[in-house]
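Visitor: Sharing input_24.pdb (PDB, C-alpha atoms and all ligand atoms) below.
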MODEL        1
ATOM      1  CA  ALA A 603      -3.237  83.108 102.432
ATOM      2  CA  LYS A 604      -1.881  80.715  99.846
ATOM      3  CA  LYS A 605      -4.583  81.664  97.444
ATOM      4  CA  ILE A 606      -3.853  85.374  97.812
ATOM      5  CA  GLY A 607      -0.195  84.642  97.217
ATOM      6  CA  PHE A 608      -1.001  82.759  94.055
ATOM      7  CA  ASN A 609      -3.258  85.521  92.781
ATOM      8  CA  LYS A 610      -0.586  88.054  93.497
ATOM      9  CA  TYR A 611       1.873  85.960  91.516
ATOM     10  CA  VAL A 612      -0.485  85.727  88.574
ATOM     11  CA  PHE A 613      -1.153  89.438  88.786
ATOM     12  CA  PHE A 614       2.572  90.174  88.868
ATOM     13  CA  ASN A 615       3.138  87.952  85.837
ATOM     14  CA  GLU A 616       0.379  89.673  83.928
ATOM     15  CA  GLN A 617       1.919  93.020  84.707
ATOM     16  CA  ILE A 618       5.315  91.889  83.450
ATOM     17  CA  ASN A 619       3.691  90.528  80.312
ATOM     18  CA  ALA A 620       1.911  93.797  79.715
ATOM     19  CA  ILE A 621       5.155  95.740  80.085
ATOM     20  CA  LEU A 622       7.041  93.367  77.795
ATOM     21  CA  GLN A 623       4.329  93.563  75.167
ATOM     22  CA  ARG A 624       4.213  97.323  75.359
ATOM     23  CA  ASN A 625       8.006  97.522  75.012
ATOM     24  CA  LEU A 626       8.004  95.151  72.053
ATOM     25  CA  LYS A 627       5.289  97.184  70.394
ATOM     26  CA  LEU A 628       7.220 100.418  70.966
ATOM     27  CA  GLU A 629      10.372  98.824  69.568
ATOM     28  CA  ILE A 630       8.538  97.870  66.373
ATOM     29  CA  LEU A 631       7.027 101.349  66.114
ATOM     30  CA  LEU A 632      10.412 102.981  66.787
ATOM     31  CA  ARG A 633      12.022 101.009  63.973
ATOM     32  CA  LYS A 634       9.378 102.229  61.576
ATOM     33  CA  ALA A 635       9.219 105.796  62.820
ATOM     34  CA  ILE A 636      10.014 108.397  60.225
ATOM     35  CA  TYR A 637      12.091 110.858  62.119
ATOM     36  CA  ASP A 638      11.048 114.170  60.668
ATOM     37  CA  LYS A 639       7.385 113.283  60.798
ATOM     38  CA  GLU A 640       7.033 111.539  64.151
ATOM     39  CA  PHE A 641       9.732 113.188  66.234
ATOM     40  CA  SER A 642      10.168 116.771  67.259
ATOM     41  CA  LEU A 643      12.134 118.739  69.782
ATOM     42  CA  HIS A 644      10.733 120.882  72.515
ATOM     43  CA  TYR A 645      12.845 123.613  74.016
ATOM     44  CA  GLN A 646      13.102 124.698  77.632
ATOM     45  CA  PRO A 647      14.917 127.898  78.585
ATOM     46  CA  GLN A 648      17.720 128.134  81.128
ATOM     47  CA  PHE A 649      18.262 131.384  83.006
ATOM     48  CA  SER A 650      21.045 132.851  85.055
ATOM     49  CA  ILE A 651      20.436 133.828  88.674
ATOM     50  CA  PRO A 652      19.832 136.477  89.921
ATOM     51  CA  ASP A 653      19.287 138.552  86.777
ATOM     52  CA  ASN A 654      17.002 136.011  85.051
ATOM     53  CA  SER A 655      18.620 136.472  81.669
ATOM     54  CA  LEU A 656      18.206 133.707  79.112
ATOM     55  CA  ILE A 657      21.523 131.876  78.723
ATOM     56  CA  GLY A 658      20.659 128.517  77.254
ATOM     57  CA  ILE A 659      18.069 126.099  76.009
ATOM     58  CA  GLU A 660      17.619 122.385  76.570
ATOM     59  CA  ALA A 661      16.380 120.316  73.645
ATOM     60  CA  LEU A 662      13.946 117.603  74.720
ATOM     61  CA  LEU A 663      12.802 114.867  72.390
ATOM     62  CA  ARG A 664       9.102 114.286  71.703
ATOM     63  CA  TRP A 665       7.579 111.328  69.885
ATOM     64  CA  ASN A 666       4.151 111.551  68.414
ATOM     65  CA  SER A 667       3.377 108.112  67.025
ATOM     66  CA  PRO A 668       0.468 107.926  64.566
ATOM     67  CA  ALA A 669      -0.462 104.579  66.106
ATOM     68  CA  GLU A 670       0.033 105.278  69.819
ATOM     69  CA  GLY A 671      -0.177 109.009  70.199
ATOM     70  CA  SER A 672       2.342 110.925  72.222
ATOM     71  CA  ILE A 673       4.855 108.683  74.003
ATOM     72  CA  PRO A 674       7.099 110.220  76.689
ATOM     73  CA  PRO A 675      10.917 109.880  76.579
ATOM     74  CA  SER A 676      10.784 107.992  79.878
ATOM     75  CA  GLU A 677       9.111 105.186  77.934
ATOM     76  CA  PHE A 678      11.024 105.098  74.680
ATOM     77  CA  ILE A 679      14.588 106.314  75.383
ATOM     78  CA  SER A 680      15.517 103.137  77.262
ATOM     79  CA  ILE A 681      14.079 101.001  74.448
ATOM     80  CA  ALA A 682      16.000 103.041  71.902
ATOM     81  CA  GLU A 683      19.158 102.480  73.947
ATOM     82  CA  GLU A 684      18.657  98.738  74.317
ATOM     83  CA  THR A 685      18.047  98.297  70.599
ATOM     84  CA  ASP A 686      20.786 100.704  69.431
ATOM     85  CA  LEU A 687      18.122 102.773  67.697
ATOM     86  CA  ILE A 688      19.429 105.617  69.875
ATOM     87  CA  ILE A 689      22.347 105.948  67.430
ATOM     88  CA  PRO A 690      20.324 107.182  64.407
ATOM     89  CA  LEU A 691      17.765 108.862  66.662
ATOM     90  CA  GLY A 692      20.486 110.655  68.629
ATOM     91  CA  GLU A 693      22.073 111.796  65.394
ATOM     92  CA  TRP A 694      18.719 113.185  64.281
ATOM     93  CA  VAL A 695      18.390 115.063  67.614
ATOM     94  CA  MET A 696      21.907 116.444  67.300
ATOM     95  CA  ASN A 697      21.324 117.774  63.796
ATOM     96  CA  ARG A 698      17.891 119.170  64.554
ATOM     97  CA  ALA A 699      19.069 120.954  67.720
ATOM     98  CA  ILE A 700      22.214 122.359  66.111
ATOM     99  CA  ARG A 701      20.226 123.588  63.123
ATOM    100  CA  GLN A 702      17.833 125.336  65.515
ATOM    101  CA  ILE A 703      20.480 127.109  67.554
ATOM    102  CA  ALA A 704      22.261 128.192  64.373
ATOM    103  CA  GLU A 705      19.016 129.685  63.114
ATOM    104  CA  TRP A 706      18.175 131.514  66.371
ATOM    105  CA  ASN A 707      21.627 132.789  67.291
ATOM    106  CA  ASN A 708      22.174 134.042  63.760
ATOM    107  CA  ARG A 709      18.758 135.618  63.367
ATOM    108  CA  TYR A 710      18.661 137.304  66.785
ATOM    109  CA  GLN A 711      22.360 138.007  67.241
ATOM    110  CA  THR A 712      22.559 135.953  70.419
ATOM    111  CA  THR A 713      25.112 133.448  71.722
ATOM    112  CA  LEU A 714      22.778 131.051  73.516
ATOM    113  CA  LYS A 715      23.914 127.532  74.236
ATOM    114  CA  MET A 716      21.851 124.578  73.096
ATOM    115  CA  GLY A 717      21.905 121.747  75.624
ATOM    116  CA  ILE A 718      21.616 118.351  73.992
ATOM    117  CA  ASN A 719      21.038 115.135  75.934
ATOM    118  CA  VAL A 720      23.332 112.291  74.968
ATOM    119  CA  SER A 721      23.201 108.789  76.330
ATOM    120  CA  ILE A 722      26.229 106.680  77.200
ATOM    121  CA  LYS A 723      25.427 104.352  74.283
ATOM    122  CA  GLN A 724      25.922 107.268  71.913
ATOM    123  CA  LEU A 725      29.144 108.353  73.590
ATOM    124  CA  ASN A 726      30.546 104.874  73.245
ATOM    125  CA  HIS A 727      29.714 104.701  69.550
ATOM    126  CA  LYS A 728      32.959 104.906  67.624
ATOM    127  CA  GLU A 729      31.759 107.530  65.168
ATOM    128  CA  PHE A 730      30.372 109.898  67.800
ATOM    129  CA  GLY A 731      33.198 112.462  67.609
ATOM    130  CA  GLU A 732      33.102 112.551  63.822
ATOM    131  CA  MET A 733      29.317 112.824  63.810
ATOM    132  CA  ILE A 734      29.401 115.953  65.991
ATOM    133  CA  LYS A 735      32.230 117.515  64.037
ATOM    134  CA  SER A 736      30.415 117.095  60.754
ATOM    135  CA  ALA A 737      27.165 118.453  62.229
ATOM    136  CA  ILE A 738      28.773 121.657  63.525
ATOM    137  CA  LYS A 739      30.617 122.060  60.261
ATOM    138  CA  PHE A 740      27.469 121.549  58.226
ATOM    139  CA  TYR A 741      25.501 124.170  60.162
ATOM    140  CA  ALA A 742      28.570 126.382  60.580
ATOM    141  CA  VAL A 743      28.083 126.885  64.327
ATOM    142  CA  PRO A 744      30.798 127.775  66.831
ATOM    143  CA  PRO A 745      31.180 124.787  69.184
ATOM    144  CA  GLU A 746      30.601 127.173  72.143
ATOM    145  CA  TRP A 747      26.944 127.255  71.166
ATOM    146  CA  ILE A 748      26.556 123.635  72.157
ATOM    147  CA  ASP A 749      26.450 121.939  75.535
ATOM    148  CA  MET A 750      26.147 118.198  75.980
ATOM    149  CA  GLU A 751      24.220 116.890  78.944
ATOM    150  CA  ILE A 752      25.603 113.569  80.045
ATOM    151  CA  THR A 753      23.780 111.721  82.764
ATOM    152  CA  GLU A 754      25.611 111.107  85.974
ATOM    153  CA  SER A 755      24.677 107.460  86.389
ATOM    154  CA  ILE A 756      27.824 106.116  84.845
ATOM    155  CA  ALA A 757      28.995 102.773  86.086
ATOM    156  CA  ILE A 758      32.588 102.851  87.276
ATOM    157  CA  GLU A 759      33.610 100.214  84.700
ATOM    158  CA  ASP A 760      32.822 102.698  81.943
ATOM    159  CA  ALA A 761      34.564 105.565  83.668
ATOM    160  CA  TYR A 762      37.782 105.459  81.686
ATOM    161  CA  ASP A 763      36.043 105.480  78.280
ATOM    162  CA  ILE A 764      33.706 108.254  79.352
ATOM    163  CA  HIS A 765      36.660 110.291  80.510
ATOM    164  CA  GLU A 766      38.212 109.956  77.062
ATOM    165  CA  ILE A 767      35.071 110.849  75.155
ATOM    166  CA  THR A 768      34.333 113.795  77.445
ATOM    167  CA  LYS A 769      37.812 115.040  76.679
ATOM    168  CA  THR A 770      37.189 114.603  72.957
ATOM    169  CA  ILE A 771      33.995 116.658  73.180
ATOM    170  CA  ARG A 772      35.664 119.423  75.164
ATOM    171  CA  ASP A 773      38.637 119.451  72.789
ATOM    172  CA  ILE A 774      36.184 120.235  69.988
ATOM    173  CA  GLY A 775      35.129 123.252  72.081
ATOM    174  CA  ILE A 776      31.749 121.914  73.181
ATOM    175  CA  SER A 777      30.975 122.161  76.901
ATOM    176  CA  VAL A 778      29.791 119.221  78.967
ATOM    177  CA  SER A 779      27.224 119.230  81.773
ATOM    178  CA  ILE A 780      26.803 116.402  84.229
ATOM    179  CA  ASP A 781      23.053 115.762  84.229
ATOM    180  CA  ASP A 782      20.934 114.433  87.089
ATOM    181  CA  PHE A 783      23.621 115.193  89.607
ATOM    182  CA  GLY A 784      22.882 113.925  93.076
ATOM    183  CA  THR A 785      20.799 110.908  92.114
ATOM    184  CA  GLY A 786      23.264 108.415  90.750
ATOM    185  CA  TYR A 787      26.409 106.644  91.744
ATOM    186  CA  SER A 788      29.445 108.115  93.469
ATOM    187  CA  SER A 789      28.789 111.685  92.462
ATOM    188  CA  LEU A 790      31.704 113.345  94.176
ATOM    189  CA  ASN A 791      34.223 110.935  92.718
ATOM    190  CA  HIS A 792      32.916 111.646  89.249
ATOM    191  CA  LEU A 793      33.569 115.318  89.800
ATOM    192  CA  LYS A 794      37.176 114.605  90.454
ATOM    193  CA  MET A 795      37.544 112.201  87.545
ATOM    194  CA  PHE A 796      35.782 113.962  84.716
ATOM    195  CA  PRO A 797      36.507 117.274  83.105
ATOM    196  CA  PHE A 798      33.054 118.863  83.264
ATOM    197  CA  ASP A 799      31.924 122.440  82.755
ATOM    198  CA  ARG A 800      28.673 122.381  84.670
ATOM    199  CA  ILE A 801      26.786 120.421  87.286
ATOM    200  CA  LYS A 802      23.083 120.014  86.806
ATOM    201  CA  PHE A 803      21.241 119.292  90.043
ATOM    202  CA  SER A 804      18.507 116.746  89.498
ATOM    203  CA  LYS A 805      14.943 117.673  90.329
ATOM    204  CA  LEU A 806      15.086 115.099  93.129
ATOM    205  CA  SER A 807      17.991 116.795  94.833
ATOM    206  CA  ILE A 808      16.239 120.172  94.951
ATOM    207  CA  ASP A 809      12.617 119.042  95.487
ATOM    208  CA  HIS A 810      12.843 119.458  99.259
ATOM    209  CA  ILE A 811      15.454 122.188  99.702
ATOM    210  CA  VAL A 812      12.837 124.543 101.093
ATOM    211  CA  ASN A 813      11.828 122.388 104.055
ATOM    212  CA  ASP A 814      14.661 119.909 104.449
ATOM    213  CA  GLU A 815      17.789 121.458 105.970
ATOM    214  CA  PHE A 816      19.859 118.408 105.114
ATOM    215  CA  ASP A 817      18.999 118.521 101.397
ATOM    216  CA  LYS A 818      19.705 122.231 101.401
ATOM    217  CA  GLU A 819      23.126 121.737 103.004
ATOM    218  CA  ILE A 820      24.063 119.090 100.452
ATOM    219  CA  VAL A 821      23.265 121.472  97.609
ATOM    220  CA  ARG A 822      25.182 124.217  99.407
ATOM    221  CA  SER A 823      28.252 121.985  99.775
ATOM    222  CA  ILE A 824      28.219 120.969  96.139
ATOM    223  CA  ILE A 825      27.973 124.611  95.080
ATOM    224  CA  VAL A 826      31.003 125.390  97.265
ATOM    225  CA  LEU A 827      32.869 122.515  95.649
ATOM    226  CA  ALA A 828      31.805 123.617  92.154
ATOM    227  CA  ASN A 829      33.021 127.166  92.852
ATOM    228  CA  PHE A 830      36.334 125.741  93.997
ATOM    229  CA  MET A 831      36.576 123.758  90.747
ATOM    230  CA  LYS A 832      35.455 126.784  88.733
ATOM    231  CA  ILE A 833      32.499 124.975  87.210
ATOM    232  CA  LYS A 834      28.940 126.255  86.901
ATOM    233  CA  THR A 835      25.859 124.929  88.647
ATOM    234  CA  ILE A 836      22.311 124.737  87.314
ATOM    235  CA  ALA A 837      19.203 123.469  89.087
ATOM    236  CA  GLU A 838      16.499 121.749  87.062
ATOM    237  CA  GLY A 839      12.899 121.006  87.947
ATOM    238  CA  VAL A 840      12.467 124.275  89.840
ATOM    239  CA  GLU A 841       8.738 124.660  90.334
ATOM    240  CA  THR A 842       8.231 127.295  93.030
ATOM    241  CA  ALA A 843       9.302 130.788  94.006
ATOM    242  CA  ALA A 844      10.451 129.432  97.373
ATOM    243  CA  GLN A 845      12.835 126.987  95.668
ATOM    244  CA  TYR A 846      14.100 129.764  93.458
ATOM    245  CA  ASP A 847      14.828 131.929  96.503
ATOM    246  CA  VAL A 848      16.756 129.185  98.279
ATOM    247  CA  LEU A 849      18.845 128.477  95.170
ATOM    248  CA  LYS A 850      19.586 132.168  94.838
ATOM    249  CA  GLU A 851      20.604 132.338  98.496
ATOM    250  CA  LEU A 852      22.909 129.328  97.991
ATOM    251  CA  GLY A 853      24.593 130.966  95.022
ATOM    252  CA  CYS A 854      23.433 128.531  92.338
ATOM    253  CA  ASP A 855      24.391 130.041  88.956
ATOM    254  CA  GLN A 856      21.494 129.011  86.753
ATOM    255  CA  ILE A 857      17.973 127.724  86.853
ATOM    256  CA  GLN A 858      15.516 125.741  84.721
ATOM    257  CA  GLY A 859      12.010 124.586  85.522
ATOM    258  CA  TYR A 860       8.268 124.971  85.256
ATOM    259  CA  TYR A 861       8.419 127.930  87.653
ATOM    260  CA  LEU A 862      10.014 129.937  84.866
ATOM    261  CA  ALA A 863       8.943 128.069  81.728
ATOM    262  CA  LYS A 864       7.949 124.641  80.478
ATOM    263  CA  PRO A 865       9.473 122.960  77.431
ATOM    264  CA  MET A 866       7.703 124.200  74.283
ATOM    265  CA  PRO A 867       7.777 123.809  70.503
ATOM    266  CA  ALA A 868      10.218 125.975  68.531
ATOM    267  CA  LYS A 869       7.582 128.358  67.210
ATOM    268  CA  GLU A 870       6.261 129.101  70.683
ATOM    269  CA  PHE A 871       9.747 129.455  72.128
ATOM    270  CA  GLU A 872      10.562 131.991  69.470
ATOM    271  CA  LYS A 873       7.408 133.975  70.190
ATOM    272  CA  VAL A 874       8.000 134.060  73.925
ATOM    273  CA  PHE A 875      11.757 134.572  74.095
ATOM    274  CA  PHE A 876      12.773 136.453  70.984
ATOM    275  CA  SER A 877      11.081 139.720  70.275
ATOM    276  CA  LEU A 878      10.115 139.732  66.637
ATOM    277  CA  PRO A 879      10.203 143.111  64.940
ATOM    278  CA  GLN A 880       6.650 144.421  64.508
ATOM    279  CA  GLN A 881       5.401 144.416  60.922
TER     280      GLN A 881
HETATM  281  P1  LIG B   1      16.332 115.189  81.755
HETATM  282  O1  LIG B   1      17.463 115.372  80.811
HETATM  283  O2  LIG B   1      16.642 115.175  83.207
HETATM  284  O3  LIG B   1      15.289 116.325  81.398
HETATM  285  C1  LIG B   1      14.505 117.007  82.337
HETATM  286  C2  LIG B   1      13.076 116.490  82.349
HETATM  287  O4  LIG B   1      12.333 117.193  83.339
HETATM  288  C3  LIG B   1      12.331 116.710  81.056
HETATM  289  O5  LIG B   1      11.404 115.635  80.909
HETATM  290  C4  LIG B   1      11.584 118.022  81.311
HETATM  291  O6  LIG B   1      10.437 118.181  80.497
HETATM  292  C5  LIG B   1      11.228 117.852  82.758
HETATM  293  N1  LIG B   1      11.076 119.117  83.490
HETATM  294  C6  LIG B   1      11.638 120.322  83.262
HETATM  295  N2  LIG B   1      11.302 121.217  84.199
HETATM  296  C7  LIG B   1      10.498 120.562  85.068
HETATM  297  C8  LIG B   1       9.809 120.953  86.290
HETATM  298  O7  LIG B   1       9.903 122.071  86.759
HETATM  299  N3  LIG B   1       9.072 119.981  86.898
HETATM  300  C9  LIG B   1       8.956 118.722  86.408
HETATM  301  N4  LIG B   1       8.211 117.833  87.061
HETATM  302  N5  LIG B   1       9.616 118.308  85.293
HETATM  303  C10 LIG B   1      10.365 119.235  84.635
HETATM  304  P2  LIG B   1      11.222 114.892  79.527
HETATM  305  O8  LIG B   1      11.228 115.888  78.425
HETATM  306  O9  LIG B   1      10.033 113.995  79.661
HETATM  307  O10 LIG B   1      12.531 114.009  79.383
HETATM  308  C11 LIG B   1      12.798 112.959  80.248
HETATM  309  C12 LIG B   1      14.185 112.415  80.052
HETATM  310  O11 LIG B   1      14.327 111.799  78.783
HETATM  311  C13 LIG B   1      15.262 113.493  80.089
HETATM  312  O12 LIG B   1      15.546 113.816  81.431
HETATM  313  C14 LIG B   1      16.391 112.793  79.370
HETATM  314  O13 LIG B   1      17.089 111.953  80.241
HETATM  315  C15 LIG B   1      15.646 111.965  78.356
HETATM  316  N6  LIG B   1      15.701 112.646  77.051
HETATM  317  C16 LIG B   1      14.903 113.621  76.568
HETATM  318  N7  LIG B   1      15.285 113.993  75.324
HETATM  319  C17 LIG B   1      16.377 113.236  75.020
HETATM  320  C18 LIG B   1      17.249 113.141  73.884
HETATM  321  O14 LIG B   1      17.150 113.869  72.887
HETATM  322  N8  LIG B   1      18.252 112.207  73.943
HETATM  323  C19 LIG B   1      18.433 111.408  75.047
HETATM  324  N9  LIG B   1      19.442 110.518  75.031
HETATM  325  N10 LIG B   1      17.651 111.488  76.129
HETATM  326  C20 LIG B   1      16.629 112.384  76.125
HETATM  327 CA    CA B   2      19.022 116.838  80.526
HETATM  328 CA    CA B   3      18.099 115.779  84.567
ENDMDL
END
Rewrite the structure of this file - the entire thing - as structure tokens.
Guide:
Amino acid sequence: AKKIGFNKYVFFNEQINAILQRNLKLEILLRKAIYDKEFSLHYQPQFSIPDNSLIGIEALLRWNSPAEGSIPPSEFISIAEETDLIIPLGEWVMNRAIRQIAEWNNRYQTTLKMGINVSIKQLNHKEFGEMIKSAIKFYAVPPEWIDMEITESIAIEDAYDIHEITKTIRDIGISVSIDDFGTGYSSLNHLKMFPFDRIKFSKLSIDHIVNDEFDKEIVRSIIVLANFMKIKTIAEGVETAAQYDVLKELGCDQIQGYYLAKPMPAKEFEKVFFSLPQQ
């Protein structure tokens, strides 16, 4: 038994080493990454229920490293946050996404919202407000075309600062969505504390709504609360028709997920969702 224990320990250590080495490698690669060449944004549509009209788009970061191939955000975002590289990278995302929505809304005479993910590190950066203002000025977009998705897992110690920055964003005229709702800390308290425009149910909170009455009732209650507060609800990670039907029955306002469309490059998005005049 002792021997097994020891082997397990060694195995565990090796695993940690492998993770640390991988992270270090990614950090070095991130520092050297040339944004316009290695990074791109994919776009996933958001629809309103029940009419299925396109109302918004979420921008999702993609990294194609010449050395390592395609690396998912789940691997590199946390490294970017820990090393503060998220500041220049986040600024790149912001500019790229705003440029894209300016191009599409102007070309196709639409008023779609571009949802941009921002991490707490970015929000806490002192120049964040100015950075956004100069980006919307540069691309001449109405702030209503932009939505910022802020993840719900905010530690209570940061709550006051986040409240202030959320207010700053909304004062500019940009809406704020609370991302990953239902997975993090004291969700309901956050609702009371922060001035949000939209709740985004995490994939986890809707995964089982079809078969699990309890999960379904939680989503129902939050929708009731959101209606009371006059804020919108959107469900992400919707993969099946059955989930769609339940969300419709519960009165969820909007929907996003593989069931309707996966994230895709700009060119493809344009082909699928904007009808180009025939030549
Ligand atoms: P998120 O903001 O919760 O984004 C939703 C994730 O779910 C995306 O993964 C998306 O591709 C995926 N997804 C969408 N529909 C479905 C579905 O029906 N089923 C399943 N299984 N997945 C679905 P992705 O693109 O890998 O991004 C992961 C996370 O990385 C994001 O989670 C977000 O927290 C972060 N992230 C992505 N882009 C950025 C960015 O530009 N800045 C920051 N700070 N974070 C980002
Ligand atoms: Ca998001
Ligand atoms: Ca999410």
Visitor: Applying 7 Å and all atoms listed in the file, which residues near Arg800 of chain A remain after dropping the ones on its own chain fewer than 4 positions away? List them as a ChimeraX atom specification.
Guide: /A:778-780,833-835
Visitor: Name the residues in contact with Ile700 of chain A at a cut-off of 12 Å, using all atoms listed in the file, excluding same-chain residues fewer than 4 positions from it; report them as a VMD selection string.
Guide: chain A and resid 643 659 to 661 693 to 696 704 to 708 714 to 718 734 to 750 776
Visitor: For ligand LIG 1 (chain B), return the neighbouring residues as a PyMOL selection string (distance at most 6 Å; only C-alpha atoms and all ligand atoms).
Guide: chain A and resi 662-663+674-676+692+695+719-721+782+838-841+859-860+865
Visitor: Taking the file as shown, what set of residues would the PyMOL selection byres (((not hetatm)) within 10 of (chain B and resi 3)) give back, as a list in words?
Guide: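 Output from the PyMOL selection byres (((not hetatm)) within 10 of (chain B and resi 3)), applied to this file: Asn719, Glu751, Ile752, Thr753, Glu754, Ile780, Asp781, Asp782, Phe783, Gly784, Thr785, Lys802, Phe803, Ser804, Lys805, Leu806, Ala837, Glu838 and Gly839 of chain A.
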Visitor: Of the residues A:Ile820, A:Phe798, A:Gly731, A:Ile836, which is the one nearest to ligand CA 2 (chain B), using only C-alpha atoms and all ligand atoms?
Guide: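 Distance minimum relative to ligand CA 2 (chain B) lands on A:Ile836.
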Visitor: My list of candidates is A:Tyr637, A:Tyr645, A:Phe816, A:Phe678. Which is closest to ligand CA 2 (chain B) when distances are computed with all atoms listed in the file?
Guide: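 Ranking A:Tyr637, A:Tyr645, A:Phe816, A:Phe678 by distance to ligand CA 2 (chain B), first place goes to A:Tyr645.
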Visitor: Atom CA of Ile636 of chain A to atom CA of Glu732 of chain A: how many Å, to one decimal?
Guide: 23.7 Å
Visitor: Around segment 724-740 of chain A, fit a box with edges along x, y and z, padding it by 6 Å on each side, then list its centre and edge lengths in Å to one decimal as AutoDock Vina command-line options.
Guide:
--center_x 29.6 --center_y 113.4 --center_z 65.9 --size_x 19.3 --size_y 29.4 --size_z 27.4
Visitor: Please report the interatomic distance between atom CA of Arg772 of chain A and atom CA of Met733 of chain A in Å with one decimal.
Guide: 14.6 Å
Visitor: Do you have the atom CA of Asp763 of chain A-atom CA of Asn726 of chain A distance handy?
Guide: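 Distance reported for this atom pair: 7.5 Å.
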Visitor: Which residues match the PyMOL selection byres (((chain A and resi 851) around 12) and not hetatm) in the file above, as a PyMOL selection string?
Guide: chain A and resi 651-652+811-812+818-819+821-822+825+844-850+852-855
Visitor: Which residues are near Asp817 of chain A? Cut-off 8 Å, all atoms listed in the file, ignore same chain within fewer than 5 positions. Put them as a ChimeraX atom specification.
Guide: /A:807-808,810-811
Visitor: Considering all atoms listed in the file, state which residue in the set A:Glu870, A:Gln724, A:Asp809, A:Leu827 is at the smallest distance from Thr842 of chain A.
Guide: A:Asp809
Visitor: Which residues would end up in the selection if the PyMOL selection byres (((chain A and resi 723) around 12) and not hetatm) were applied here, given that I need the answer as a PyMOL selection string?
Guide: chain A and resi 679-692+719-722+724-730+752-753+756+760+763-764+767
Visitor: So which residues touch Phe649 of chain A within 6 Å, counting only C-alpha atoms, skipping near sequence neighbours fewer than 4 positions away, as a PyMOL selection string?
Guide: chain A and resi 654-657+856-857
Visitor: Rank A:Ala699, A:Leu790, A:Ala843, A:Glu629 by their smallest atom-to-atom distance to Ser823 of chain A, using all atoms listed in the file, and report the top residue only.
Guide: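 Among the listed residues, A:Leu790 lies closest to Ser823 of chain A.
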Visitor: Smallest atom-to-atom distance to ligand CA 2 (chain B): which of A:Ser877, A:Gln623, A:Ser667, A:Gln858, using all atoms listed in the file?
Guide: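 Checking each of A:Ser877, A:Gln623, A:Ser667, A:Gln858 against ligand CA 2 (chain B), counting all atoms listed in the file, the winner is A:Gln858.
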Visitor: For Lys639 of chain A, list every protein, DNA or RNA residue within 10 Å, evaluated using only C-alpha atoms, and leave out those in the same chain fewer than 4 positions away; present the list as an MDAnalysis selection string.
Guide: chainID A and resid 635 665:668
